[in-house]
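Right, one structure below, let's go through it.
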Amino acid sequence: MTAIMGWGRKSDVVPALRDADVIAAALRQALADASPQERPGLERAAALVESTAAATETQLRARWVRDRLAAAGFTGDIASVAAVKALRQAEPGLSLLAAVQLQKDAVPHPE
């Protein structure tokens, strides 16, 4: 999502992008063509993709917020003002409004 927000101005919109259906289809095809040795790993990968694909957009945004905060080294309370500040420092293209909304989305969705 970083590249999408990098248009040079503050953004209040943070889209959730999904490509799990494409990945799931590729895994199903690989599973159909797999040798017996490859099947267990591909079956596990397919199950992981299916469980990830079931996540809501709010859950995806919450995961993104937590990942960005972790990458920035933030270890405090995600519901704090410091979390909003850290998120905006990690993603300078975010407006204050977008950062606060993302924070609110992330608080009820612990990892």
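In the structure tokens, chains take letters A, B, ... by order of appearance, with residues numbered from 1 within each chain and ligands from 1 in the order shown.
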- [ ] Write out as a VMD selection string the residues lying within 10 Å of Ser80 (chain A), counting only C-alpha atoms and excluding same-chain residues fewer than 6 positions away.
- [x] chain A and resid 86 103 107
Restrict the selected residues to N, CA, C and O atoms and save them as a PDB file, in the first residue's frame.
```pdb
ATOM      1  N   ALA A  86       3.588   7.469  15.236  1.00  0.00           N
ATOM      2  CA  ALA A  86       4.520   6.514  14.633  1.00  0.00           C
ATOM      3  C   ALA A  86       4.040   6.060  13.259  1.00  0.00           C
ATOM      4  O   ALA A  86       4.838   5.917  12.327  1.00  0.00           O
ATOM      5  N   GLN A 103      -5.935   3.484  12.862  1.00  0.00           N
ATOM      6  CA  GLN A 103      -5.686   3.088  14.250  1.00  0.00           C
ATOM      7  C   GLN A 103      -6.956   2.513  14.864  1.00  0.00           C
ATOM      8  O   GLN A 103      -6.941   1.462  15.496  1.00  0.00           O
ATOM      9  N   VAL A 107      -7.260  -1.374  16.477  1.00  0.00           N
ATOM     10  CA  VAL A 107      -7.371  -1.637  17.921  1.00  0.00           C
ATOM     11  C   VAL A 107      -8.171  -2.903  18.236  1.00  0.00           C
ATOM     12  O   VAL A 107      -7.712  -3.750  19.005  1.00  0.00           O
TER      13      VAL A 107
END
```
TODO: Find the spatial neighbours of Phe74 (chain A), counting only C-alpha atoms, within a cut-off of 12 Å - ignore same-chain residues fewer than 5 positions away - and output them as a ChimeraX atom specification.
DONE: /A:65-69,80-90
- [ ] Extract, using only C-alpha atoms, all DNA, RNA and protein residues at most 10 Å from Glu50 (chain A), discarding same-chain residues fewer than 5 positions from it, and format them as number ranges by chain.
- [x] A: 20-21, 23-24, 44-45, 55
Open item on the list: Please report the interatomic distance between CA of Gln59 (chain A) and CA of Pro110 (chain A) in Å with one decimal.
Closed with: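 These atoms are spaced 9.2 Å apart.
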Task: Among listed residues A:Leu102, A:Ala46, A:Leu97, A:Ile78, nearest Arg28 (chain A) (using only C-alpha atoms) - done: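 Of the candidates, the smallest distance to Arg28 (chain A) is held by A:Ala46.
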- [ ] Would you return as a count of residues only the members of region 8-70 of chain A that DSSP assigns to alpha helix (DSSP H) on this structure's backbone?
- [x] 42
